[in-house]
Structures are given as C-alpha cells and as structure tokens.
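Each remark here refers to the structure printed beneath this line.
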Amino acid sequence: MAKMMDALVKPGPVEGLILTQVPVPTPGPGEVLIKIHKTAICGTDVHIWQWNGWAQENLNPPLTVGHEYVGEIAELGQGVTNLTVGQRVSGEGHIVCGQCYNCRTGNGQWCKYTKGVGVNRDGAFAEYLCIPATNVVPIEDDLPDDIVSFFDAFGNATHTALMWDLTAKNVLVTGAGPIGIMAAAIAKFSGARSVTITDVNEYRLDLAKKLGADRPVNVAKEDLNEVMKELGIVDGWDIGLEMSGAAPAFKQLLDSMMCGGKVSCLGLMGKPMETDWNTIIMKGLRLQGIYGRKMFETWYQMKAMVQGGLNLEPMITHRYHYTEFEKGFAAMISGNSGKVVLDWTTKK
C-alpha cells in the first residue's frame with residue numbers, strides 16, 4: 001500500500017483548492033524526493049485558485065499545485081550522486097528538455113518544451129515533492145527558510161532587474177505586486193540613483209518603500225511627470241521594469257522613458273493590447289521579454305544578494321500552517337499582503 005501525504009490539490013475545473021491525501025511520489029532514475037519545509041503562495045497560484053482563463057488553458061486537474069518552496073532531500077533516485085539525503089535545497093520550477101537549441105546554448109529559460117512544477121506536473125504544496133536532480137538548488141546554512149521559500153518569485157524579480165546595468169540609473173517600476181516590490185529593492189541594492197514604483201494599491205506602495213523604493217507613486221492621485229521633475233529627472237527614466245501586466249501602466253512607462261532607454265517586460269497582459277510602436281521606434285527603446293529565471297545564473301545572484309545584505313524579511317507579511325491555506329489565499333487575493341508563507345514542518 002502506497003504511503004500517503006497531505007497535499008493542496010486542484011480537484012477539477014472549479015474555484016479553490018482542497019487539502020487531501022495523495023500518494024508520496026517515488027523518485028525515478030535521476031530524480032530526488034524533497035521533504036517540504038516551507039512554501040510561498042505565488043500570483044500564479046492565485047490564478048489557479050480563481051480558475052481564470054490562464055489556468056483553464058494551462059492546467060489539467062486534478063493536480064497538486066505550488067512551486068515556491070524550500071526543504072531537504074529525503075530520498076535519491078538511481079544515478080544521483082551529487083546530492084545527499086538531509087541536504088537543504090530548493091529547486092528551479094521550470095523543467096526543461098535539455099536537448100533543444102536554447103537548452104544546449106545556455107538559455108534553458110527559453111526552452112519551448114518547459115514543464116512547470118505545480119502547473120504541468122504535481123507541485124510543492126505537499127509534504128513531499130519529486131523533481132529531477134538537475135533542477136535541485138543546494139541552499140547554504142546562512143539563508144533563512146522563510147526567505148528561500150519564495151526564491152522562485154525573487155528570481156523573477158532578479159532576472160527582470162539585473163537584465164541591465166542599474167548603477168547610477170533612474171529606474172521606474174510599474175506594478176507594486178510582490179515581484180515588482182522585490183525588483184525595486186534589487187535595483188536600489190544594486191546602486192540605482194533613484195527607484196520609483198507606481199501602482200494604485202497604497203498598502204503595497206508602502207511595502208515597497210520599506211523594501212527600499214525611493215518614491216512610491218499612486219498614479220490615481222499623482223502626476224508621474226511632476227514626480228519626474230521632483231526627482232530631477234530631465235529626459236526620462238533610464239531603465240523601466242514593467243511588472244503590472246496593465247496596458248495603461250505599460251503605455252505610461254513607454255511615454256516616460258528617455259531616448260535610448262531599456263525596458264524589461266515581465267507582467268503578462270490579461271488580454272491583447274495595442275502598443276504605440278512609434279514611441280518605441282522614435283525613442284530607440286530596447287525591450288526585453290522576461291520569463292522565469294536564467295538557469296542557473298539567477299539562483300547564484302539571489303543567494304549572493306541575500307548573503308550580501310539585501311533584507312527581504314519585510315516582504316513576508318503573513319505566515320500560516322499549511323492547514324490554514326484558505327487564510328493565506330484570502331490575504332493574497334485581498335491585495336493587502338506581501339509574500340504569504342505556509343509551514344509544512346509539523347502536522348496539526
């Protein structure tokens with residue numbers, strides 16, 4: 001009889017998740033079994049909870065969800081020799097083919113055959129997770145569990161922000177969701193002259209200021225052009241980080257960039273939008289789409305920044321036992337939260 005474990009499962013094409021028992025996975029050749037310590041709720045998990053259009057298109061329930069986690073290796077599959085049982089780890093949530101052009105030229109983040117943990121295969125909102133050993137990221141002792149639990153999302157922010165040289169630059173971040181807030185923190189930590197972040201959510205704008213943003217701007221109440229004058233920015237922002245996935249914010253960012261400016265685009269639009277290509281062309285803007293994390297450069301950058309003093313502790317606004325997952329999702333859906341961490345180290 002298979003050993004069973006608790007897991008948060010999307011049971012079918014309905015709103016919400018259920019806490020239920022599922023079999024503990026068995027690691028096959030080249031795989032590892034990870035005992036989960038902490039997980040964090042991502043915006044993607046909220047989409048899955050709400051069963052929106054994106055979730056309907058990408059998920060095939062029933063499925064154990066979740067992809068932000070930290071834990072320890074519980075079992076090694078055949079042929080795994082570079083890891084040890086009891087070793088503290090996290091893992092890259094995109095499982096790539098390893099054989100396509102991008103994988104073989106060091107750009108696995110663009111693998112067209114990617115399978116997402118907690119999206120296309122069972123995920124980390126469970127007592128145990130099974131992934132390929134090649135996706136495992138060892139975690140040093142000086143990195144706190146709660147912080148590492150959301151390294152996946154921190155990695156999105158890191159990849160977006162560090163696409164460009166930020167030193168002495170004026171940076172505009174559009175969208176103060178958790179990833180946007182972390183991107184602003186990274187920009188300031190990396191030597192930006194000024195970091196401005198826009199949104200209409202006062203709670204998250206306040207949180208962004210705690211994480212290092214110089215000038216949070218509620219665009220429903222303030223004129224961004226006046227803020228530019230206040231900061232002594234004459235020609236526009238040097239670097240733009242589009243994290244909102246909102247068409248009006250993207251247009252405002254493009255209009256506010258200096259000629260020759262550089263823009264990272266992470267926010268996914270809910271529906272197709274019109275883009276003013278003339279602005280992009282006439283300003284000579286450079287736009288870079290961002291997906292996931294660089295495999296695996298981003299993971300080294302994340303660890304180094306936290307070890308070097310980047311304080312992400314204020315990002316964690318709610319902590320719950322995994323059996324209280326409904327409270328965690330309610331906090332995320334409310335918009336009045338940073339990162340929400342679930343504890344899997346004990347049973348209730």
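By order in the structure tokens, chains are A, B, ...; within a chain, residues start at 1; ligands start at 1, following the order shown.
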Residue contacts of Trp49 in chain A (12 Å, only C-alpha atoms) excluding same-chain residues fewer than 3 positions away, as a PDB file with C-alpha atoms, in the first residue's frame:
```pdb
ATOM      1  CA  LEU A   8      -3.196  21.021  -1.637  1.00  0.00           C
ATOM      2  CA  VAL A   9      -4.892  19.840  -4.801  1.00  0.00           C
ATOM      3  CA  LYS A  10      -6.816  21.481  -7.615  1.00  0.00           C
ATOM      4  CA  PRO A  11      -9.515  18.809  -7.852  1.00  0.00           C
ATOM      5  CA  GLY A  12     -11.167  19.936 -11.086  1.00  0.00           C
ATOM      6  CA  PRO A  13     -12.342  22.957 -13.106  1.00  0.00           C
ATOM      7  CA  VAL A  14     -13.653  24.812 -10.044  1.00  0.00           C
ATOM      8  CA  GLU A  15     -12.573  27.695  -7.841  1.00  0.00           C
ATOM      9  CA  GLY A  16     -10.333  26.960  -4.843  1.00  0.00           C
ATOM     10  CA  LEU A  17      -8.132  24.094  -3.666  1.00  0.00           C
ATOM     11  CA  ILE A  18      -8.718  21.173  -1.321  1.00  0.00           C
ATOM     12  CA  ILE A  41       1.942  31.470  -2.425  1.00  0.00           C
ATOM     13  CA  CYS A  42       2.581  32.975  -5.859  1.00  0.00           C
ATOM     14  CA  GLY A  43       0.376  35.074  -8.121  1.00  0.00           C
ATOM     15  CA  THR A  44       0.245  32.051 -10.421  1.00  0.00           C
ATOM     16  CA  ASP A  45      -1.227  30.022  -7.550  1.00  0.00           C
ATOM     17  CA  VAL A  46      -3.893  32.714  -7.149  1.00  0.00           C
ATOM     18  CA  ASN A  52      -9.219  32.137 -14.540  1.00  0.00           C
ATOM     19  CA  GLY A  53      -8.643  31.956 -18.283  1.00  0.00           C
ATOM     20  CA  TRP A  54      -4.914  31.356 -17.945  1.00  0.00           C
ATOM     21  CA  ALA A  55      -5.463  28.466 -15.510  1.00  0.00           C
ATOM     22  CA  GLN A  56      -8.122  26.910 -17.714  1.00  0.00           C
ATOM     23  CA  LEU A  59      -3.839  23.151 -16.167  1.00  0.00           C
ATOM     24  CA  PRO A  61      -6.611  18.871 -12.929  1.00  0.00           C
ATOM     25  CA  LEU A  63      -3.118  18.378  -9.746  1.00  0.00           C
ATOM     26  CA  THR A  64      -1.059  19.173  -6.666  1.00  0.00           C
ATOM     27  CA  VAL A  65      -0.090  22.844  -7.107  1.00  0.00           C
ATOM     28  CA  GLY A  66       2.656  25.133  -5.775  1.00  0.00           C
ATOM     29  CA  VAL A 119       1.293  23.721 -13.328  1.00  0.00           C
ATOM     30  CA  PHE A 325      -4.156  27.732   3.381  1.00  0.00           C
ATOM     31  CA  GLU A 326      -7.529  29.392   2.835  1.00  0.00           C
ATOM     32  CA  GLY A 328      -3.225  32.554   3.049  1.00  0.00           C
ATOM     33  CA  PHE A 329      -5.021  32.761  -0.274  1.00  0.00           C
ATOM     34  CA  ALA A 330      -7.501  35.277   1.134  1.00  0.00           C
ATOM     35  CA  MET A 332      -3.040  37.273  -1.342  1.00  0.00           C
ATOM     36  CA  ILE A 333      -6.339  37.902  -3.120  1.00  0.00           C
TER      37      ILE A 333
END
```
Give me the range 212-308 of chain A side of the contact with range 173-180 of chain A, cut-off 9 Å, one line per residue showing its nearest atom pair and distance in Å at one decimal, counting only C-alpha atoms, sorted by chain and residue number, as a Markdown table.
```
| residue | atom | partner | partner_atom | distance |
| --- | --- | --- | --- | --- |
| A:Pro216 | CA | A:Ala176 | CA | 8.8 |
| A:Ile239 | CA | A:Val173 | CA | 8.5 |
| A:Gly240 | CA | A:Val173 | CA | 5.9 |
| A:Leu241 | CA | A:Val173 | CA | 4.7 |
| A:Glu242 | CA | A:Thr174 | CA | 5.1 |
| A:Met243 | CA | A:Gly175 | CA | 5.0 |
| A:Ser244 | CA | A:Gly175 | CA | 4.0 |
| A:Gly245 | CA | A:Gly175 | CA | 7.8 |
| A:Ala246 | CA | A:Gly175 | CA | 8.3 |
| A:Ala249 | CA | A:Thr174 | CA | 6.2 |
| A:Phe250 | CA | A:Thr174 | CA | 7.4 |
| A:Gln252 | CA | A:Thr174 | CA | 8.8 |
| A:Leu253 | CA | A:Thr174 | CA | 7.1 |
| A:Gly267 | CA | A:Gly175 | CA | 8.3 |
```
I need the chosen residues saved as a PDB file, in the first residue's frame, with N, CA and C atoms.
```pdb
ATOM      1  N   PRO A 216       7.481  55.834  -4.022  1.00  0.00           N
ATOM      2  CA  PRO A 216       6.246  55.170  -4.420  1.00  0.00           C
ATOM      3  C   PRO A 216       5.263  56.215  -4.951  1.00  0.00           C
ATOM      4  N   ILE A 239      15.924  53.225 -17.042  1.00  0.00           N
ATOM      5  CA  ILE A 239      15.549  51.808 -17.014  1.00  0.00           C
ATOM      6  C   ILE A 239      14.089  51.693 -16.609  1.00  0.00           C
ATOM      7  N   GLY A 240      13.326  50.885 -17.328  1.00  0.00           N
ATOM      8  CA  GLY A 240      11.942  50.601 -16.973  1.00  0.00           C
ATOM      9  C   GLY A 240      11.749  49.120 -16.712  1.00  0.00           C
ATOM     10  N   LEU A 241      11.029  48.807 -15.640  1.00  0.00           N
ATOM     11  CA  LEU A 241      10.717  47.414 -15.301  1.00  0.00           C
ATOM     12  C   LEU A 241       9.196  47.286 -15.271  1.00  0.00           C
ATOM     13  N   GLU A 242       8.605  46.663 -16.292  1.00  0.00           N
ATOM     14  CA  GLU A 242       7.158  46.560 -16.389  1.00  0.00           C
ATOM     15  C   GLU A 242       6.700  45.268 -15.727  1.00  0.00           C
ATOM     16  N   MET A 243       6.081  45.413 -14.546  1.00  0.00           N
ATOM     17  CA  MET A 243       5.688  44.261 -13.736  1.00  0.00           C
ATOM     18  C   MET A 243       4.171  44.148 -13.559  1.00  0.00           C
ATOM     19  N   SER A 244       3.412  45.102 -14.089  1.00  0.00           N
ATOM     20  CA  SER A 244       1.997  45.200 -13.751  1.00  0.00           C
ATOM     21  C   SER A 244       1.106  44.313 -14.606  1.00  0.00           C
ATOM     22  N   GLY A 245       1.464  44.132 -15.883  1.00  0.00           N
ATOM     23  CA  GLY A 245       0.557  43.441 -16.788  1.00  0.00           C
ATOM     24  C   GLY A 245      -0.680  44.263 -17.092  1.00  0.00           C
ATOM     25  N   ALA A 246      -0.591  45.591 -16.911  1.00  0.00           N
ATOM     26  CA  ALA A 246      -1.708  46.506 -17.156  1.00  0.00           C
ATOM     27  C   ALA A 246      -1.354  47.426 -18.316  1.00  0.00           C
ATOM     28  N   ALA A 249      -0.445  51.132 -17.591  1.00  0.00           N
ATOM     29  CA  ALA A 249       0.860  51.284 -16.945  1.00  0.00           C
ATOM     30  C   ALA A 249       1.985  51.113 -17.963  1.00  0.00           C
ATOM     31  N   PHE A 250       1.836  50.160 -18.872  1.00  0.00           N
ATOM     32  CA  PHE A 250       2.855  49.940 -19.891  1.00  0.00           C
ATOM     33  C   PHE A 250       2.980  51.151 -20.805  1.00  0.00           C
ATOM     34  N   GLN A 252       2.212  54.266 -20.038  1.00  0.00           N
ATOM     35  CA  GLN A 252       2.822  55.346 -19.266  1.00  0.00           C
ATOM     36  C   GLN A 252       4.326  55.153 -19.138  1.00  0.00           C
ATOM     37  N   LEU A 253       4.754  53.902 -18.953  1.00  0.00           N
ATOM     38  CA  LEU A 253       6.186  53.619 -18.859  1.00  0.00           C
ATOM     39  C   LEU A 253       6.892  53.998 -20.164  1.00  0.00           C
ATOM     40  N   GLY A 267       5.412  41.544 -16.684  1.00  0.00           N
ATOM     41  CA  GLY A 267       3.974  41.443 -16.448  1.00  0.00           C
ATOM     42  C   GLY A 267       3.226  40.898 -17.654  1.00  0.00           C
TER      43      GLY A 267
END
```
Tell me, as a tab-separated table (two decimals) with N, CA, C and O atoms, in the first residue's frame, which residues lie within 7 Å of Phe151 in chain A, counting only C-alpha atoms; anything in the same chain fewer than 4 positions away does not count.
```tsv
chain	number	residue	atom	x	y	z
A	68	GLU	N	6.85	27.42	-5.18
A	68	GLU	CA	7.82	28.17	-4.39
A	68	GLU	C	8.03	27.41	-3.08
A	68	GLU	O	7.09	27.25	-2.30
A	147	ILE	N	12.79	33.00	3.72
A	147	ILE	CA	13.20	33.79	2.54
A	147	ILE	C	13.37	32.88	1.33
A	147	ILE	O	12.88	33.18	0.23
A	155	GLY	N	13.45	35.25	-7.93
A	155	GLY	CA	14.21	35.03	-9.15
A	155	GLY	C	13.61	35.75	-10.35
A	155	GLY	O	14.34	36.25	-11.22
```
message: What parts of range 179-322 of chain A does DSSP call strand (DSSP E)? I'd like the answer as a ChimeraX atom specification.
response: /A:194-199,215-218,237-242,257-265,286-289,316-321
Resulting file, chosen residues, C-alpha atoms, as a PDB file, in the first residue's frame:
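Once everything was written out, this is out.pdb:
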```pdb
ATOM      1  CA  SER A 194      16.626  56.567  -7.817  1.00  0.00           C
ATOM      2  CA  VAL A 195      13.895  53.929  -7.846  1.00  0.00           C
ATOM      3  CA  THR A 196      10.296  54.980  -8.496  1.00  0.00           C
ATOM      4  CA  ILE A 197       7.456  52.464  -8.324  1.00  0.00           C
ATOM      5  CA  THR A 198       3.866  53.017  -9.471  1.00  0.00           C
ATOM      6  CA  ASP A 199       0.585  51.370  -8.541  1.00  0.00           C
ATOM      7  CA  ARG A 215       9.463  57.209  -4.489  1.00  0.00           C
ATOM      8  CA  PRO A 216       6.246  55.170  -4.420  1.00  0.00           C
ATOM      9  CA  VAL A 217       3.635  56.824  -6.651  1.00  0.00           C
ATOM     10  CA  ASN A 218      -0.114  56.234  -6.579  1.00  0.00           C
ATOM     11  CA  TRP A 237      13.850  57.195 -16.851  1.00  0.00           C
ATOM     12  CA  ASP A 238      16.931  55.230 -17.921  1.00  0.00           C
ATOM     13  CA  ILE A 239      15.549  51.808 -17.014  1.00  0.00           C
ATOM     14  CA  GLY A 240      11.942  50.601 -16.973  1.00  0.00           C
ATOM     15  CA  LEU A 241      10.717  47.414 -15.301  1.00  0.00           C
ATOM     16  CA  GLU A 242       7.158  46.560 -16.389  1.00  0.00           C
ATOM     17  CA  MET A 257      11.369  56.592 -20.836  1.00  0.00           C
ATOM     18  CA  MET A 258      14.364  58.578 -22.043  1.00  0.00           C
ATOM     19  CA  CYS A 259      15.544  58.100 -25.609  1.00  0.00           C
ATOM     20  CA  GLY A 260      17.743  55.016 -25.737  1.00  0.00           C
ATOM     21  CA  GLY A 261      16.183  53.654 -22.539  1.00  0.00           C
ATOM     22  CA  LYS A 262      15.974  49.969 -21.683  1.00  0.00           C
ATOM     23  CA  VAL A 263      12.829  48.143 -20.603  1.00  0.00           C
ATOM     24  CA  SER A 264      12.328  44.689 -19.051  1.00  0.00           C
ATOM     25  CA  CYS A 265       8.819  43.279 -19.515  1.00  0.00           C
ATOM     26  CA  ARG A 286      15.271  48.413 -26.152  1.00  0.00           C
ATOM     27  CA  LEU A 287      12.613  45.981 -24.847  1.00  0.00           C
ATOM     28  CA  GLN A 288      13.423  42.582 -23.339  1.00  0.00           C
ATOM     29  CA  GLY A 289      10.801  39.980 -22.533  1.00  0.00           C
ATOM     30  CA  ILE A 316       6.785  38.358   4.437  1.00  0.00           C
ATOM     31  CA  THR A 317       3.537  39.772   5.791  1.00  0.00           C
ATOM     32  CA  HIS A 318       1.646  36.572   6.626  1.00  0.00           C
ATOM     33  CA  ARG A 319       2.665  33.165   7.961  1.00  0.00           C
ATOM     34  CA  TYR A 320       0.275  30.207   8.300  1.00  0.00           C
ATOM     35  CA  HIS A 321       0.324  26.471   8.857  1.00  0.00           C
TER      36      HIS A 321
END
```
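Closest approach to Thr26 in chain A from the set A:Leu129, A:Leu143, A:Val136, A:Ile73 is made by A:Leu129, with distances taken over only C-alpha atoms.
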query: Smallest atom-to-atom distance to Gln87 in chain A: which of A:Cys100, A:Met269, A:Ala304, A:Ile139, using only C-alpha atoms?
result: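 Of A:Cys100, A:Met269, A:Ala304, A:Ile139, the one nearest Gln87 in chain A is A:Ile139, counting only C-alpha atoms.
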- request: Please provide the set of residues having any atom within 9 Å of Gln21 in chain A, restricted to only C-alpha atoms, with same-chain residues fewer than 2 positions apart removed, written as a list in words.
  value: Met4, Met5, Asp6, Ala7, Leu8, Leu19 and Pro23 of chain A
field: Backbone DSSP call of alpha helix (DSSP H) for range 223-309 of chain A, listed as a VMD selection string
entry: chain A and resid 224 to 230 247 to 256 277 to 283 297 to 307
message: Taking only C-alpha atoms into account, name the residue in A:Phe296, A:Trp164, A:Tyr113, A:Phe189 that is nearest to Asn135 in chain A.
response: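 Smallest separation from Asn135 in chain A among the options: A:Phe296.
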field: Within 9 Å of Asn107 in chain A using only C-alpha atoms, minus same-chain residues under 6 positions, as a list in words
entry: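 Returned residues: Tyr101, Lys294 and Met295 of chain A.
Using only C-alpha atoms, the nearest neighbour of Gln109 in chain A within the list A:Lys221, A:His37, A:Arg293, A:Lys327 is A:Arg293.
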